[in-house]
>>> print(open('coords-v8.cif').read())   # mmCIF, C-alpha atoms
data_coords
loop_
_atom_site.label_atom_id
_atom_site.label_comp_id
_atom_site.auth_asym_id
_atom_site.auth_seq_id
_atom_site.Cartn_x
_atom_site.Cartn_y
_atom_site.Cartn_z
CA MET A 1 -4.18 85.59 56.07
CA LYS A 2 -5.25 88.22 58.61
CA LYS A 3 -1.75 89.72 58.66
CA LEU A 4 -1.78 90.01 54.85
CA ILE A 5 -5.14 91.75 54.87
CA VAL A 6 -4.15 94.16 57.65
CA ALA A 7 -0.83 94.94 55.94
CA ALA A 8 -2.56 95.62 52.63
CA LEU A 9 -5.13 97.89 54.27
CA VAL A 10 -2.46 99.82 56.16
CA LEU A 11 -0.46 100.18 52.94
CA ALA A 12 -3.50 101.35 51.00
CA GLY A 13 -4.53 103.80 53.69
CA SER A 14 -1.13 105.28 54.43
CA THR A 15 0.44 105.53 51.02
CA ALA A 16 -0.63 107.97 48.35
CA PHE A 17 0.46 106.75 44.95
CA ALA A 18 -0.44 107.09 41.31
CA GLU A 19 -2.06 104.22 39.47
CA THR A 20 -1.53 102.79 36.00
CA THR A 21 -4.27 100.84 34.23
CA VAL A 22 -3.02 97.30 33.57
CA LEU A 23 -6.17 95.84 31.99
CA LYS A 24 -9.69 96.94 31.09
CA CYS A 25 -12.07 94.00 31.01
CA ALA A 26 -15.72 93.44 30.19
CA ALA A 27 -18.10 90.52 30.41
CA PRO A 28 -19.91 89.78 27.14
CA SER A 29 -23.43 91.13 27.37
CA LYS A 30 -26.52 92.00 25.36
CA GLY A 31 -27.11 94.96 27.64
CA LYS A 32 -24.80 96.97 29.87
CA ALA A 33 -21.76 94.80 30.43
CA ALA A 34 -20.08 94.31 33.77
CA THR A 35 -16.61 95.87 33.61
CA ILE A 36 -13.45 95.34 35.60
CA THR A 37 -10.57 97.80 35.58
CA VAL A 38 -7.27 96.49 36.95
CA THR A 39 -4.82 99.16 38.10
CA LEU A 40 -1.30 98.97 39.51
CA GLY A 41 -0.04 101.45 42.08
CA ASP A 42 3.45 102.88 41.64
CA ASP A 43 4.57 101.81 45.12
CA THR A 44 8.31 101.10 45.20
CA SER A 45 8.22 98.10 47.55
CA VAL A 46 5.29 95.94 46.35
CA ASP A 47 2.88 95.45 43.47
CA PHE A 48 -0.44 96.72 44.81
CA LEU A 49 -3.34 96.06 42.43
CA THR A 50 -6.92 97.24 42.63
CA MET A 51 -9.79 95.74 40.66
CA GLU A 52 -12.87 97.94 40.32
CA VAL A 53 -15.87 95.77 39.42
CA THR A 54 -18.78 97.76 37.99
CA GLU A 55 -22.10 96.18 37.12
CA LYS A 56 -25.71 97.30 36.94
CA THR A 57 -26.28 96.58 40.65
CA GLY A 58 -23.34 98.74 41.75
CA SER A 59 -19.58 98.56 42.10
CA SER A 60 -17.05 96.98 44.41
CA THR A 61 -13.32 97.20 44.85
CA PHE A 62 -10.93 94.29 45.30
CA PHE A 63 -7.18 94.44 45.89
CA ALA A 64 -4.09 92.27 45.84
CA GLN A 65 -0.59 92.82 47.15
CA LEU A 66 2.19 90.90 45.42
CA ASP A 67 5.97 90.90 45.48
CA LYS A 68 7.45 93.77 43.47
CA GLY A 69 7.73 92.86 39.79
CA THR A 70 5.23 89.99 39.93
CA VAL A 71 2.64 91.76 37.75
CA ALA A 72 5.20 92.71 35.08
CA GLY A 73 6.58 89.18 35.10
CA GLN A 74 3.18 87.54 34.75
CA MET A 75 2.04 89.94 32.02
CA LYS A 76 5.28 89.35 30.09
CA GLN A 77 4.56 85.61 30.23
CA GLY A 78 1.00 86.19 29.01
CA TYR A 79 -1.16 85.86 32.08
CA LEU A 80 -2.30 87.51 35.30
CA GLN A 81 -3.62 85.49 38.24
CA LEU A 82 -4.33 86.66 41.75
CA LEU A 83 -6.45 86.34 44.83
CA ALA A 84 -8.76 89.35 44.99
CA LEU A 85 -9.31 90.56 48.55
CA THR A 86 -11.75 93.06 50.04
CA GLU A 87 -11.68 94.96 53.31
CA LYS A 88 -14.08 92.26 54.58
CA SER A 89 -11.90 89.29 53.53
CA ALA A 90 -11.35 86.89 56.40
CA GLN A 91 -10.58 83.27 57.09
CA THR A 92 -13.08 81.71 59.48
CA GLU A 93 -12.44 79.06 62.12
CA ASP A 94 -13.61 76.37 59.68
CA GLY A 95 -10.87 77.40 57.24
CA VAL A 96 -13.16 79.06 54.68
CA ILE A 97 -11.92 82.33 53.19
CA ARG A 98 -14.89 84.66 52.82
CA ASN A 99 -15.51 87.89 50.87
CA THR A 100 -12.68 87.08 48.50
CA GLY A 101 -12.43 86.46 44.77
CA PHE A 102 -10.10 85.09 42.13
CA PHE A 103 -8.96 86.87 38.97
CA GLY A 104 -7.31 84.92 36.17
CA VAL A 105 -6.72 85.88 32.54
CA SER A 106 -4.30 84.73 29.86
CA ALA A 107 -3.21 86.12 26.51
CA ASP A 108 -3.99 84.66 23.13
CA LYS A 109 -2.78 86.59 20.07
CA GLY A 110 -2.36 89.76 22.14
CA ALA A 111 -5.85 89.75 23.68
CA PHE A 112 -6.47 88.64 27.25
CA SER A 113 -9.44 86.56 28.33
CA GLY A 114 -10.41 84.61 31.41
CA PHE A 115 -12.65 85.15 34.40
CA MET A 116 -13.11 86.72 37.79
CA ALA A 117 -15.03 84.89 40.48
CA ALA A 118 -16.27 87.40 43.05
CA ASN A 119 -19.41 88.73 44.73
CA GLY A 120 -20.98 85.28 44.32
CA ASN A 121 -20.66 85.62 40.52
CA ILE A 122 -18.38 84.38 37.78
CA TYR A 123 -17.54 87.08 35.25
CA PRO A 124 -16.28 85.75 31.89
CA LEU A 125 -13.87 88.42 30.66
CA SER A 126 -12.38 89.85 27.50
CA CYS A 127 -9.60 92.30 28.34
CA SER A 128 -7.33 94.82 26.67
CA LYS A 129 -4.23 96.62 27.91
#
>>> encode(input="coords-v8.cif", output="structure tokens")
Amino acid sequence: MKKLIVAALVLAGSTAFAETTVLKCAAPSKGKAATITVTLGDDTSVDFLTMEVTEKTGSSTFFAQLDKGTVAGQMKQGYLQLLALTEKSAQTEDGVIRNTGFFGVSADKGAFSGFMAANGNIYPLSCSK
């Protein structure tokens, strides 16, 4: 786990690349909704995703590094699922992975919905491409 996190941070810090928005998501709300924007970097060797979570208390950034083509393959099949890491993600001696989230959405009639569990919260999501 530590090697994955270090590799992702090195990749993010050493590679300048453009990003394409994959999904724009929002949690249903009576007030200002929490939003999550999922972007894919145009790196040629891996799929590097960032998830910017914005809510009324602030914002945080999560990332995931997947094999090249994984995001396109999942989206084509109607879903996107990934482990959402932060720069503070770590696995402790007791085996618990901390400062990490999970993002999972699936398509139904062209619209994506699901959830993101992160920051000690569960965000129910409605998403569009």
>>> residues_near_point(input="coords-v8.cif", point="(-5.4, 97.9, 41.0)", cutoff="7 Å", atoms="only C-alpha atoms", output="PyMOL selection string")
chain A and resi 38-41+48-51+63
>>> residues_near_point(input="coords-v8.cif", point="(-28.0, 95.8, 40.5)", cutoff="12 Å", atoms="only C-alpha atoms", output="VMD selection string")
chain A and resid 32 to 34 54 to 60 119
>>> resolve_selection(input="coords-v8.cif", expression="the PyMOL selection byres ((chain A and resi 88-105) around 6)", output="number ranges by chain")
A: 79-87, 106, 112-118
>>> resolve_selection(input="coords-v8.cif", expression="the PyMOL selection byres ((chain A and resi 110) around 12)", output="mmCIF file with C-alpha atoms, in the frame of the given file")
data_model
loop_
_atom_site.group_PDB
_atom_site.id
_atom_site.type_symbol
_atom_site.label_atom_id
_atom_site.label_comp_id
_atom_site.auth_asym_id
_atom_site.auth_seq_id
_atom_site.Cartn_x
_atom_site.Cartn_y
_atom_site.Cartn_z
ATOM 1 C CA MET A 75 2.040 89.940 32.020
ATOM 2 C CA LYS A 76 5.280 89.350 30.090
ATOM 3 C CA GLN A 77 4.560 85.610 30.230
ATOM 4 C CA GLY A 78 1.000 86.190 29.010
ATOM 5 C CA TYR A 79 -1.160 85.860 32.080
ATOM 6 C CA VAL A 105 -6.720 85.880 32.540
ATOM 7 C CA SER A 106 -4.300 84.730 29.860
ATOM 8 C CA ALA A 107 -3.210 86.120 26.510
ATOM 9 C CA ASP A 108 -3.990 84.660 23.130
ATOM 10 C CA LYS A 109 -2.780 86.590 20.070
ATOM 11 C CA ALA A 111 -5.850 89.750 23.680
ATOM 12 C CA PHE A 112 -6.470 88.640 27.250
ATOM 13 C CA SER A 113 -9.440 86.560 28.330
ATOM 14 C CA SER A 126 -12.380 89.850 27.500
ATOM 15 C CA CYS A 127 -9.600 92.300 28.340
ATOM 16 C CA SER A 128 -7.330 94.820 26.670
ATOM 17 C CA LYS A 129 -4.230 96.620 27.910
#
>>> atom_distance(input="coords-v8.cif", atom1="CA of Pro28 in chain A", atom2="CA of Tyr123 in chain A")
8.9 Å
>>> closest_residue(input="coords-v8.cif", among="A:Val22, A:Ile122, A:Val53, A:Val71", to="Ile36 in chain A", atoms="all atoms listed in the file")
A:Val53
>>> closest_residue(input="coords-v8.cif", among="A:Val46, A:Leu125, A:Ala18, A:Ala26", to="Lys68 in chain A", atoms="all atoms listed in the file")
A:Val46
>>> residues_around(input="coords-v8.cif", residues="Ser45 in chain A", least_positions_apart="4", cutoff="10 Å", atoms="all atoms listed in the file", output="PyMOL selection string")
chain A and resi 66-69
>>> atom_distance(input="coords-v8.cif", atom1="CA of Gln65 in chain A", atom2="CA of Ala27 in chain A")
24.3 Å
>>> atom_distance(input="coords-v8.cif", atom1="CA of Thr70 in chain A", atom2="CA of Glu19 in chain A")
16.0 Å
